[in-house]
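Asker: Structure supplied as my_file.csv; contents: CSV, C-alpha atoms.
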chain,number,residue,atom,x,y,z
R,1,MET,CA,-0.1,58.3,-19.9
R,2,LEU,CA,-0.5,57.6,-16.2
R,3,ASN,CA,1.6,54.8,-14.9
R,4,MET,CA,1.8,52.9,-11.6
R,5,LEU,CA,5.3,54.2,-10.6
R,6,SER,CA,4.4,57.9,-10.9
R,7,LEU,CA,1.1,57.2,-9.2
R,8,GLY,CA,2.9,55.5,-6.3
R,9,LEU,CA,5.3,58.4,-6.0
R,10,ILE,CA,2.5,61.0,-6.1
R,11,SER,CA,0.8,59.0,-3.3
R,12,VAL,CA,3.7,59.2,-0.9
R,13,PRO,CA,3.4,62.9,0.0
R,14,VAL,CA,-0.4,62.6,0.0
R,15,GLY,CA,-0.2,59.8,2.6
R,16,PHE,CA,2.4,61.7,4.5
R,17,LEU,CA,0.3,64.9,4.7
R,18,GLY,CA,-2.8,63.0,5.4
R,19,SER,CA,-1.3,61.2,8.3
R,20,LEU,CA,-0.1,64.5,9.8
R,21,ILE,CA,-3.2,66.5,9.4
R,22,GLY,CA,-5.9,63.8,10.0
R,23,LEU,CA,-7.1,63.6,6.4
R,24,GLY,CA,-7.4,60.5,4.3
R,25,GLY,CA,-5.6,61.9,1.3
R,26,ALA,CA,-8.2,60.9,-1.2
R,27,GLY,CA,-9.5,64.5,-1.3
R,28,LEU,CA,-6.1,65.3,-3.0
R,29,LEU,CA,-5.6,62.0,-4.9
R,30,THR,CA,-9.1,61.9,-6.5
R,31,PRO,CA,-8.8,65.3,-8.3
R,32,ILE,CA,-5.2,64.4,-9.4
R,33,LEU,CA,-6.6,61.2,-11.0
R,34,VAL,CA,-9.4,63.0,-12.6
R,35,LEU,CA,-6.9,65.5,-14.1
R,36,MET,CA,-4.9,62.6,-15.5
R,37,GLY,CA,-8.0,61.3,-17.3
R,38,VAL,CA,-9.4,58.7,-14.9
R,39,PRO,CA,-13.2,58.7,-14.9
R,40,ILE,CA,-14.3,60.4,-11.7
R,41,LYS,CA,-16.4,57.5,-10.3
R,42,VAL,CA,-13.5,55.1,-10.8
R,43,ALA,CA,-11.1,57.6,-9.2
R,44,ILE,CA,-13.4,58.0,-6.2
R,45,ALA,CA,-13.9,54.3,-5.7
R,46,SER,CA,-10.2,53.4,-6.0
R,47,CYS,CA,-9.2,56.2,-3.7
R,48,MET,CA,-11.2,54.5,-0.9
R,49,VAL,CA,-8.5,51.9,-0.6
R,50,SER,CA,-5.8,54.6,-0.3
R,51,ILE,CA,-7.8,56.1,2.7
R,52,ILE,CA,-7.6,52.7,4.4
R,53,ALA,CA,-3.9,52.6,3.7
R,54,THR,CA,-3.3,56.1,5.1
R,55,SER,CA,-5.5,55.3,8.1
R,56,SER,CA,-3.9,52.0,9.0
R,57,GLY,CA,-0.3,53.1,8.2
R,58,SER,CA,-0.5,56.2,10.4
R,59,ALA,CA,-2.7,54.7,13.1
R,60,SER,CA,-0.3,51.8,13.7
R,61,SER,CA,2.1,54.5,15.0
R,62,TYR,CA,-0.3,56.8,16.7
R,63,VAL,CA,-2.0,54.0,18.7
R,64,ARG,CA,1.4,52.7,19.8
R,65,GLN,CA,2.2,56.3,21.0
R,66,ARG,CA,-1.2,56.4,22.9
R,67,ILE,CA,-2.2,59.6,21.1
R,68,THR,CA,-5.3,58.1,19.4
R,69,ASN,CA,-8.2,57.6,21.8
R,70,ILE,CA,-9.6,54.1,21.0
R,71,LYS,CA,-12.8,54.5,23.0
R,72,VAL,CA,-13.7,57.9,21.4
R,73,ALA,CA,-12.9,56.3,18.0
R,74,MET,CA,-15.1,53.3,18.7
R,75,TYR,CA,-18.0,55.4,19.8
R,76,LEU,CA,-17.8,57.8,16.8
R,77,GLU,CA,-17.4,54.9,14.3
R,78,MET,CA,-21.0,53.9,15.0
R,79,PHE,CA,-22.2,57.2,13.5
R,80,THR,CA,-19.6,57.7,10.7
R,81,ILE,CA,-20.1,54.2,9.3
R,82,THR,CA,-23.9,54.6,9.1
R,83,GLY,CA,-23.4,57.9,7.4
R,84,ALA,CA,-20.8,56.5,4.9
R,85,ILE,CA,-23.2,53.7,3.8
R,86,ILE,CA,-25.9,56.4,3.1
R,87,GLY,CA,-23.4,58.5,1.2
R,88,ALA,CA,-21.9,55.8,-0.9
R,89,THR,CA,-25.3,54.5,-1.9
R,90,ILE,CA,-26.4,58.0,-3.1
R,91,THR,CA,-23.2,58.7,-5.1
R,92,THR,CA,-23.7,55.8,-7.5
R,93,ARG,CA,-27.1,57.2,-8.5
R,94,ILE,CA,-26.2,60.8,-9.3
R,95,ASN,CA,-24.7,62.7,-12.2
R,96,PRO,CA,-20.8,62.9,-11.8
R,97,VAL,CA,-20.8,66.5,-12.9
R,98,TYR,CA,-22.2,67.6,-9.5
R,99,LEU,CA,-19.3,65.8,-7.8
R,100,TYR,CA,-16.8,68.3,-9.1
R,101,PHE,CA,-18.6,71.0,-7.3
R,102,PHE,CA,-19.0,68.9,-4.1
R,103,PHE,CA,-15.3,68.3,-4.2
R,104,ALA,CA,-14.5,72.0,-4.6
R,105,ALA,CA,-16.8,72.9,-1.7
R,106,PHE,CA,-15.3,70.2,0.4
R,107,LEU,CA,-11.8,71.2,-0.2
R,108,MET,CA,-12.7,74.7,0.9
R,109,LEU,CA,-13.6,73.2,4.3
R,110,SER,CA,-10.1,71.8,4.5
R,111,PHE,CA,-8.8,75.3,3.7
R,112,LEU,CA,-11.0,76.9,6.5
R,113,ARG,CA,-9.8,74.3,9.0
R,114,LEU,CA,-6.2,74.9,8.2
R,115,ARG,CA,-6.6,78.6,8.8
R,116,GLU,CA,-7.5,78.0,12.5
R,117,PRO,CA,-4.7,78.2,15.1
R,118,LYS,CA,-3.3,74.7,15.9
R,119,GLY,CA,-1.0,73.4,18.6
R,120,SER,CA,-2.9,74.6,21.6
R,121,LEU,CA,-3.4,72.2,24.5
R,122,THR,CA,-7.1,72.7,25.1
R,123,VAL,CA,-8.1,70.8,28.2
R,124,PRO,CA,-11.8,71.5,29.0
R,125,HIS,CA,-12.8,70.8,32.6
R,126,LYS,CA,-16.5,70.1,32.1
R,127,GLN,CA,-17.9,67.0,30.7
R,128,ASP,CA,-21.6,66.1,30.0
R,129,ARG,CA,-23.1,63.0,31.6
R,130,LEU,CA,-23.2,60.9,28.4
R,131,SER,CA,-19.5,61.5,27.7
R,132,ARG,CA,-18.6,60.7,31.3
R,133,TRP,CA,-20.7,57.5,31.2
R,134,LEU,CA,-19.0,56.5,27.9
R,135,GLU,CA,-15.6,57.0,29.6
R,136,LEU,CA,-14.5,59.5,26.9
R,137,HIS,CA,-11.4,60.8,28.4
R,138,GLY,CA,-7.7,60.1,28.2
R,139,SER,CA,-4.1,61.5,28.2
R,140,TYR,CA,-1.1,61.6,25.9
R,141,TYR,CA,2.5,62.7,26.0
R,142,ASP,CA,2.9,65.8,23.9
R,143,GLU,CA,6.5,65.8,22.6
R,144,ALA,CA,6.5,69.4,21.4
R,145,HIS,CA,5.4,70.7,24.8
R,146,ASP,CA,7.2,68.0,26.8
R,147,LYS,CA,4.2,67.3,29.0
R,148,VAL,CA,1.4,64.8,29.6
R,149,VAL,CA,-1.9,66.3,28.5
R,150,GLU,CA,-5.0,65.0,30.2
R,151,TYR,CA,-8.4,65.8,28.6
R,152,LYS,CA,-12.1,65.1,28.8
R,153,VAL,CA,-14.4,64.8,25.8
R,154,ASP,CA,-17.7,66.8,25.9
R,155,ASN,CA,-21.0,66.8,23.9
R,156,ALA,CA,-20.9,63.1,22.9
R,157,LEU,CA,-24.4,63.1,21.4
R,158,LEU,CA,-24.0,66.3,19.3
R,159,GLY,CA,-20.5,65.0,18.2
R,160,GLY,CA,-22.1,61.8,17.1
R,161,GLY,CA,-24.5,63.7,14.9
R,162,GLY,CA,-21.7,65.7,13.4
R,163,MET,CA,-19.8,62.5,12.6
R,164,MET,CA,-22.9,61.0,10.9
R,165,VAL,CA,-22.9,64.0,8.5
R,166,ALA,CA,-19.1,63.6,8.0
R,167,GLY,CA,-19.8,59.9,7.2
R,168,VAL,CA,-22.4,60.9,4.5
R,169,ALA,CA,-19.9,63.3,2.9
R,170,ALA,CA,-17.1,60.6,3.1
R,171,GLY,CA,-19.2,58.0,1.4
R,172,MET,CA,-20.6,60.4,-1.2
R,173,LEU,CA,-17.3,62.0,-2.2
R,174,GLY,CA,-15.0,59.0,-1.8
R,175,ILE,CA,-12.8,60.8,0.7
R,176,GLY,CA,-12.1,60.3,4.4
R,177,ALA,CA,-13.7,63.6,5.2
R,178,GLY,CA,-10.9,64.0,7.7
R,179,ALA,CA,-11.1,67.8,7.7
R,180,PHE,CA,-14.8,67.7,8.7
R,181,LYS,CA,-14.2,65.0,11.3
R,182,VAL,CA,-11.3,66.9,12.9
R,183,THR,CA,-13.4,70.0,13.1
R,184,VAL,CA,-16.2,68.1,14.8
R,185,HIS,CA,-13.6,66.6,17.2
R,186,GLU,CA,-12.1,69.9,18.1
R,187,LYS,CA,-15.1,72.3,18.0
R,188,ILE,CA,-17.9,70.0,19.4
R,189,LEU,CA,-16.1,67.3,21.3
R,190,HIS,CA,-13.4,69.6,22.6
R,191,MET,CA,-10.5,67.2,21.9
R,192,PRO,CA,-6.9,68.4,21.9
R,193,THR,CA,-5.6,69.0,18.4
R,194,LYS,CA,-3.2,66.0,18.2
R,195,VAL,CA,-5.8,63.6,19.7
R,196,SER,CA,-8.3,64.9,17.2
R,197,SER,CA,-6.1,64.4,14.2
R,198,THR,CA,-4.9,61.0,15.1
R,199,THR,CA,-8.3,59.7,16.2
R,200,SER,CA,-9.7,61.1,12.9
R,201,ASN,CA,-7.0,59.0,11.1
R,202,PHE,CA,-8.1,56.0,13.0
R,203,VAL,CA,-11.8,56.5,12.1
R,204,ILE,CA,-11.5,57.3,8.4
R,205,GLY,CA,-10.2,53.8,7.7
R,206,MET,CA,-13.4,52.3,9.0
R,207,THR,CA,-15.6,54.8,7.1
R,208,ALA,CA,-13.7,54.0,3.9
R,209,LEU,CA,-14.1,50.2,4.5
R,210,ALA,CA,-17.9,50.6,4.5
R,211,GLY,CA,-17.7,52.6,1.3
R,212,THR,CA,-15.2,50.2,-0.4
R,213,SER,CA,-17.6,47.3,-0.2
R,214,ILE,CA,-20.3,49.2,-2.0
R,215,TYR,CA,-17.8,50.1,-4.8
R,216,LEU,CA,-16.7,46.5,-5.0
R,217,PHE,CA,-20.3,45.6,-5.8
R,218,SER,CA,-20.4,48.5,-8.4
R,219,GLY,CA,-17.3,47.1,-10.2
R,220,LEU,CA,-15.5,50.5,-10.0
R,221,LEU,CA,-12.3,49.3,-8.2
R,222,ASN,CA,-9.3,49.3,-10.5
R,223,LEU,CA,-6.3,47.2,-9.4
R,224,THR,CA,-3.8,49.2,-11.4
R,225,LEU,CA,-4.9,52.3,-9.6
R,226,MET,CA,-5.4,50.9,-6.1
R,227,ALA,CA,-2.2,48.9,-5.7
R,228,PRO,CA,0.3,51.8,-6.4
R,229,MET,CA,-1.8,54.3,-4.5
R,230,ALA,CA,-2.0,51.9,-1.5
R,231,VAL,CA,1.8,51.4,-1.6
R,232,GLY,CA,2.5,55.1,-1.8
R,233,THR,CA,0.1,56.3,0.8
R,234,THR,CA,1.1,53.5,3.2
R,235,ILE,CA,4.7,54.5,3.0
R,236,GLY,CA,3.9,58.2,3.3
R,237,ALA,CA,1.6,57.5,6.3
R,238,ILE,CA,4.1,55.3,8.1
R,239,VAL,CA,6.7,58.0,7.8
R,240,GLY,CA,4.2,60.7,8.8
R,241,GLY,CA,3.2,58.8,11.8
R,242,ARG,CA,6.7,58.8,13.1
R,243,VAL,CA,7.5,62.4,12.6
R,244,LEU,CA,4.2,64.1,13.6
R,245,ASN,CA,5.7,65.9,16.6
R,246,LYS,CA,8.9,66.9,14.8
R,247,ILE,CA,7.5,69.1,12.0
R,248,SER,CA,6.3,72.7,12.4
R,249,ASN,CA,2.6,73.1,12.0
R,250,LYS,CA,3.2,76.4,10.2
R,251,VAL,CA,5.2,74.8,7.4
R,252,LEU,CA,2.6,72.1,6.9
R,253,LYS,CA,-0.3,74.6,6.8
R,254,VAL,CA,1.4,76.7,4.1
R,255,LEU,CA,2.3,73.7,2.0
R,256,PHE,CA,-1.2,72.2,2.3
R,257,LEU,CA,-2.9,75.5,1.7
R,258,VAL,CA,-1.1,75.9,-1.6
R,259,ILE,CA,-2.1,72.4,-2.7
R,260,VAL,CA,-5.8,72.9,-1.7
R,261,VAL,CA,-6.1,76.2,-3.5
R,262,ILE,CA,-4.7,74.6,-6.7
R,263,LEU,CA,-7.1,71.7,-6.4
R,264,ILE,CA,-10.1,73.8,-5.8
R,265,GLY,CA,-9.4,75.8,-8.9
R,266,GLN,CA,-8.9,72.7,-11.0
R,267,MET,CA,-12.1,71.1,-9.7
R,268,LEU,CA,-14.2,74.2,-10.4
R,269,TYR,CA,-12.7,74.4,-13.9
R,270,LYS,CA,-13.5,70.7,-14.6
R,271,GLY,CA,-17.0,71.1,-13.2
R,272,ILE,CA,-17.8,74.2,-15.3
R,273,SER,CA,-16.3,72.6,-18.4
R,274,ALA,CA,-18.4,69.5,-18.0
R,275,ILE,CA,-21.7,71.4,-17.9
J,1,MET,CA,4.9,57.3,42.1
J,2,ASN,CA,3.6,55.5,39.0
J,3,ALA,CA,3.7,57.3,35.6
J,4,PRO,CA,0.2,58.2,34.4
J,5,GLN,CA,-1.3,55.7,32.1
J,6,LEU,CA,-1.5,57.2,28.6
J,7,GLY,CA,-4.1,56.8,25.9
J,8,SER,CA,-7.7,55.8,26.7
J,9,GLY,CA,-6.7,53.6,29.6
J,10,GLU,CA,-6.9,50.4,27.6
J,11,SER,CA,-3.1,49.7,27.1
J,12,LYS,CA,-3.4,46.0,26.2
J,13,LEU,CA,-6.0,46.8,23.5
J,14,GLU,CA,-3.9,49.6,22.2
J,15,THR,CA,-0.8,47.4,22.0
J,16,ALA,CA,-2.8,44.6,20.2
J,17,ILE,CA,-4.3,47.0,17.7
J,18,SER,CA,-1.0,48.7,17.0
J,19,TRP,CA,0.6,45.3,16.2
J,20,LEU,CA,-2.3,44.2,14.1
J,21,LEU,CA,-2.2,47.4,12.0
J,22,ILE,CA,1.5,47.2,11.5
J,23,VAL,CA,1.4,43.5,10.4
J,24,GLY,CA,-1.7,44.1,8.2
J,25,VAL,CA,-0.2,47.1,6.5
J,26,LEU,CA,3.2,45.5,5.9
J,27,VAL,CA,1.8,42.3,4.5
J,28,SER,CA,-0.4,44.2,2.1
J,29,LEU,CA,2.5,46.5,1.1
J,30,VAL,CA,4.7,43.5,0.2
J,31,LEU,CA,1.9,41.8,-1.8
J,32,GLU,CA,1.1,45.0,-3.7
J,33,ILE,CA,4.7,45.7,-4.5
J,34,ALA,CA,5.2,42.1,-5.7
J,35,GLY,CA,2.1,42.4,-7.8
J,36,ILE,CA,3.3,45.5,-9.5
J,37,ALA,CA,6.7,43.9,-10.1
J,38,VAL,CA,5.1,40.8,-11.7
J,39,TYR,CA,2.9,43.1,-13.8
J,40,TYR,CA,6.0,44.8,-15.1
J,41,HIS,CA,7.7,41.4,-15.7
J,42,THR,CA,4.6,40.1,-17.6
J,43,TYR,CA,3.7,43.2,-19.7
J,44,HIS,CA,7.0,45.1,-19.8
J,45,GLN,CA,5.2,48.3,-18.8
J,46,VAL,CA,3.4,49.6,-15.7
J,47,SER,CA,0.7,51.8,-17.3
J,48,VAL,CA,-2.5,52.3,-15.4
J,49,SER,CA,-5.0,50.2,-17.4
J,50,GLN,CA,-8.7,50.7,-18.0
J,51,ASP,CA,-9.1,47.2,-19.3
J,52,PRO,CA,-12.0,45.3,-17.7
J,53,SER,CA,-9.6,42.6,-16.5
J,54,VAL,CA,-8.1,45.0,-13.9
J,55,PHE,CA,-11.4,45.9,-12.4
J,56,ILE,CA,-12.6,43.7,-9.5
J,57,GLN,CA,-16.3,43.1,-8.8
J,58,SER,CA,-18.3,40.7,-6.7
J,59,ARG,CA,-21.7,40.3,-5.2
J,60,ASN,CA,-20.2,40.9,-1.8
J,61,PHE,CA,-16.8,41.2,-0.1
J,62,PHE,CA,-16.9,37.7,1.6
J,63,THR,CA,-17.9,36.0,-1.7
J,64,PHE,CA,-15.0,37.9,-3.4
J,65,VAL,CA,-12.5,36.7,-0.8
J,66,TYR,CA,-13.8,33.1,-1.0
J,67,ASP,CA,-13.6,33.1,-4.8
J,68,GLN,CA,-10.0,34.4,-4.7
J,69,PHE,CA,-8.9,31.6,-2.4
J,70,ARG,CA,-10.9,28.8,-4.1
J,71,HIS,CA,-10.5,29.6,-7.8
J,72,ALA,CA,-8.6,32.7,-8.3
J,73,GLN,CA,-8.8,34.1,-11.9
J,74,GLY,CA,-6.7,36.5,-13.8
J,75,SER,CA,-2.9,37.0,-14.1
J,76,ALA,CA,-0.4,36.3,-11.3
J,77,ALA,CA,0.1,40.1,-11.0
J,78,ALA,CA,-3.7,40.7,-10.6
J,79,ARG,CA,-3.9,37.9,-8.0
J,80,LEU,CA,-1.0,39.4,-5.9
J,81,MET,CA,-2.4,42.9,-6.1
J,82,THR,CA,-5.9,41.6,-5.2
J,83,ALA,CA,-4.5,39.7,-2.2
J,84,GLY,CA,-2.8,42.9,-1.0
J,85,ILE,CA,-6.0,44.8,-1.3
J,86,ILE,CA,-7.9,42.1,0.6
J,87,ILE,CA,-5.4,42.2,3.5
J,88,LEU,CA,-5.6,46.0,3.5
J,89,ILE,CA,-9.4,46.0,3.6
J,90,LEU,CA,-9.5,43.2,6.2
J,91,THR,CA,-7.1,44.9,8.6
J,92,PRO,CA,-9.6,47.5,10.1
J,93,TYR,CA,-12.3,44.8,10.1
J,94,VAL,CA,-10.2,42.5,12.2
J,95,ARG,CA,-9.3,45.4,14.4
J,96,VAL,CA,-13.0,45.7,15.3
J,97,VAL,CA,-13.3,42.0,15.9
J,98,VAL,CA,-10.2,42.1,18.3
J,99,SER,CA,-11.8,45.1,20.1
J,100,ALA,CA,-15.1,43.3,20.6
J,101,PHE,CA,-13.3,40.3,22.1
J,102,TYR,CA,-11.2,42.5,24.3
J,103,PHE,CA,-14.2,44.4,25.8
J,104,ALA,CA,-16.1,41.2,26.2
J,105,ARG,CA,-13.2,39.7,28.2
J,106,GLU,CA,-13.0,42.9,30.2
J,107,ARG,CA,-16.8,42.7,30.8
J,108,ASN,CA,-17.2,46.3,29.6
J,109,ILE,CA,-20.8,46.0,28.4
J,110,LYS,CA,-21.0,49.5,27.0
J,111,TYR,CA,-18.1,49.0,24.7
J,112,VAL,CA,-19.2,45.4,23.8
J,113,VAL,CA,-22.5,46.9,22.6
J,114,ILE,CA,-20.7,49.7,20.7
J,115,THR,CA,-18.1,47.5,19.0
J,116,MET,CA,-20.7,44.8,18.2
J,117,PHE,CA,-22.9,47.5,16.6
J,118,VAL,CA,-20.0,48.6,14.4
J,119,LEU,CA,-19.1,44.9,13.7
J,120,ILE,CA,-22.6,43.9,12.8
J,121,VAL,CA,-23.2,47.0,10.5
J,122,LEU,CA,-19.8,46.4,8.8
J,123,THR,CA,-20.5,42.7,8.3
J,124,VAL,CA,-24.0,43.4,6.9
J,125,VAL,CA,-22.5,45.9,4.5
J,126,LEU,CA,-19.8,43.5,3.4
J,127,ILE,CA,-22.4,40.7,2.9
J,128,ARG,CA,-25.1,42.7,1.3
J,129,HIS,CA,-22.9,44.6,-1.2
Could you spell out this file's structure in structure tokens?
Answerer:
Amino acid sequence: MLNMLSLGLISVPVGFLGSLIGLGGAGLLTPILVLMGVPIKVAIASCMVSIIATSSGSASSYVRQRITNIKVAMYLEMFTITGAIIGATITTRINPVYLYFFFAAFLMLSFLRLREPKGSLTVPHKQDRLSRWLELHGSYYDEAHDKVVEYKVDNALLGGGGMMVAGVAAGMLGIGAGAFKVTVHEKILHMPTKVSSTTSNFVIGMTALAGTSIYLFSGLLNLTLMAPMAVGTTIGAIVGGRVLNKISNKVLKVLFLVIVVILIGQMLYKGISAI
Amino acid sequence: MNAPQLGSGESKLETAISWLLIVGVLVSLVLEIAGIAVYYHTYHQVSVSQDPSVFIQSRNFFTFVYDQFRHAQGSAAARLMTAGIIILILTPYVRVVVSAFYFARERNIKYVVITMFVLIVLTVVLIRH
């Protein structure tokens, strides 16, 4: 039988990984809960709180280190919150069987993102007028490369659209959709990898907050799930926030890849079995 | 020569948000751990329960917070865990409030509008659901 101590312990590495890679961690925790017999809608709803814990736990460190870009985060939150409300409203009205397949597909997105090269210090020189007007630029000290990286964010409007879609996915699937957000940050907004991950961590908490209120209304929030998950992910995220620059990206990619592959297989099995 | 200013150029806001997040996270962490400990002391086990008494529900978030402070129901363990969850949920909300005040004080109209939009949408969601 699932108990709070084991759930808290399972949540620590999830919060740790989530804080390093810019994911909320619920994409991993929800399938684990489902495998342990928790109804999927209860698992999705309760994991929303663990996303907030991962976000706040890691962001407290990343904001202090000036890696997170507050203005970019504020601008993107407008879109992602709107999307999250739409997504969370839809998910309480559809058959949970389909959610297994949504989860599998979404975890594949995490897999694709992790296959991309990381660690580059991309600093685009051009910036569109809207991004410039919104003051979407900044700098941070990159410990691994021992240099201050200055950057300018580009394509603010298109990036906002991408974040709206990420918000819908987050609200619908009960995850932070961090992998999707980080991809939007890097590929559309041209943000450096570390700024992208840490800003994603900052934003996912807000997305989850909008979703949590909807689940509170639905009565799906279980205290004996939320409390240990929040404790575990918070501790993991605080530790992760302090060691981001000290761990090899390659080691993290391999570890996470193994976890994602296992979870995709489990979700597909569950979905097919439930039909 | 001065060292380059890191972050988004809003160092006071970044410092304030950083402290807010640290305090919010630590307070909720302590309350949740205390709640789990009291749960164990009361029931002599820490199994995840599907009993209706461990599910929280309310018309909206603010009503829920008000009810918890005015006439909290349930066991001591449930009340502690609920308080921890409330603090955790409120932390990013307060972060937006602090940001809105900061940009208003700095007379940065663009970001006053952006943060107020986020704050209003969030507040409406927390009230309506």
Asker: In terms of the shortest atom-to-atom distance over only C-alpha atoms, which of R:Val149, R:Ile70, R:Leu29, R:Leu134 is closest to R:Leu7?
Answerer: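 Comparing R:Val149, R:Ile70, R:Leu29, R:Leu134 against R:Leu7, the winner is R:Leu29.
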Asker: Wanna dump the chain J-chain R contacts at 8 Å for me, each residue with its shortest atom pair and the distance in Å to one decimal, counting all atoms listed in the file, ordered by chain and number, as a tab-separated table?
Answerer:
residue	atom	partner	partner_atom	distance
J:Gln5	CA	R:Ser139	CA	7.5
J:Leu6	CA	R:Ser139	CA	5.0
J:Gly7	CA	R:Arg66	CA	4.2
J:Ser8	CA	R:Gly138	CA	4.6
J:Gly9	CA	R:Gly138	CA	6.7
J:Glu14	CA	R:Val63	CA	5.9
J:Thr15	CA	R:Arg64	CA	6.1
J:Ile17	CA	R:Ser60	CA	7.4
J:Ser18	CA	R:Ser60	CA	4.6
J:Trp19	CA	R:Ser60	CA	7.0
J:Leu20	CA	R:Ser60	CA	7.9
J:Leu21	CA	R:Ser60	CA	5.1
J:Ile22	CA	R:Ser60	CA	5.4
J:Val25	CA	R:Gly57	CA	6.2
J:Leu29	CA	R:Val231	CA	5.6
J:Glu32	CA	R:Ala227	CA	5.5
J:Ile33	CA	R:Val231	CA	7.0
J:Ile36	CA	R:Ala227	CA	7.5
J:Val46	CA	R:Met4	CA	5.5
J:Ser47	CA	R:Asn3	CA	3.9
J:Val48	CA	R:Asn3	CA	4.8
J:Ser49	CA	R:Thr224	CA	6.2
J:Gln50	CA	R:Asn222	CA	7.7
J:Val54	CA	R:Leu223	CA	5.3
J:Phe55	CA	R:Asn222	CA	4.4
J:Ile56	CA	R:Leu221	CA	5.8
J:Gln57	CA	R:Gly219	CA	4.4
J:Ser58	CA	R:Phe217	CA	5.4
J:Arg59	CA	R:Phe217	CA	5.5
J:Asn60	CA	R:Phe217	CA	6.2
J:Phe61	CA	R:Ser213	CA	6.2
J:Ala78	CA	R:Leu223	CA	7.1
J:Met81	CA	R:Ala227	CA	6.0
J:Thr82	CA	R:Leu223	CA	7.0
J:Gly84	CA	R:Ala227	CA	7.6
J:Ile85	CA	R:Ala227	CA	7.1
J:Leu88	CA	R:Ala53	CA	6.8
J:Ile89	CA	R:Leu209	CA	6.4
J:Thr91	CA	R:Ser56	CA	7.8
J:Pro92	CA	R:Met206	CA	6.2
J:Tyr93	CA	R:Met206	CA	7.7
J:Lys110	CA	R:Leu134	CA	7.3
J:Tyr111	CA	R:Lys71	CA	7.8
J:Ile114	CA	R:Tyr75	CA	6.4
J:Thr115	CA	R:Met74	CA	6.5
J:Phe117	CA	R:Met78	CA	6.9
J:Val118	CA	R:Met78	CA	5.4
J:Val121	CA	R:Thr82	CA	7.8
J:Leu122	CA	R:Ala210	CA	6.3
J:Val125	CA	R:Ala210	CA	6.6
J:Leu126	CA	R:Ser213	CA	5.7
J:His129	CA	R:Ile214	CA	5.3
Asker: When you look at J:Ala83 with a cut-off of 9 Å (counting all atoms listed in the file), what residues show up, excluding the ones that are within fewer than 6 positions of it in the same chain? I need them as a ChimeraX atom specification.
Answerer: /J:28,31-32,65,68
Asker: Near stretch 69-77 of chain J, counting only C-alpha atoms, which residues have an atom at most 7 Å away, once you skip same-chain residues fewer than 2 positions from it, shown as a VMD selection string?
Answerer: chain J and resid 35 to 36 38 to 39 65 to 67 79 to 81
Asker: Measure the distance from atom CA of R:Ser197 to atom CA of R:Val184 in Å and round it to one decimal.
Answerer: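 Going from atom CA of R:Ser197 over to atom CA of R:Val184 covers 10.8 Å.
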Asker: Looking at all atoms listed in the file, which of J:Glu10, J:Val94, J:Ala37, J:Phe64 is the one that sits closest to J:Gly24?
Answerer: J:Val94
Asker: Atom CA of R:Ala105 and atom CA of R:Gly83, how far apart in Å?
Answerer: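 Atom CA of R:Gly83 sits 18.7 Å away from atom CA of R:Ala105.
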Asker: Please determine, counting all atoms listed in the file, which residue among J:Pro52, J:Phe103, J:Val96, J:Leu26 has the shortest atom-to-atom distance to J:Thr123.
Answerer: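 Between J:Pro52, J:Phe103, J:Val96, J:Leu26, the residue approaching J:Thr123 most closely is J:Val96.
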Asker: Report, in Å with one decimal, the straight-line distance from atom CA of R:Ala156 to atom CA of R:Arg242.
Answerer: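 Pair atom CA of R:Ala156 / atom CA of R:Arg242 returns 29.6 Å.
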Asker: Tell me, as a VMD selection string, which residues lie within 12 Å of J:Phe101, counting only C-alpha atoms; anything in the same chain fewer than 5 positions away does not count.
Answerer: chain J and resid 13 16 94 to 96 106 to 109 111 to 113 115 to 116 119
Asker: Counting only C-alpha atoms, figure out which residue out of R:Thr193, R:Thr30, R:Gln127, R:Ser11 gets nearest to R:Ile264.
Answerer: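 Comparing R:Thr193, R:Thr30, R:Gln127, R:Ser11 against R:Ile264, the winner is R:Thr30.
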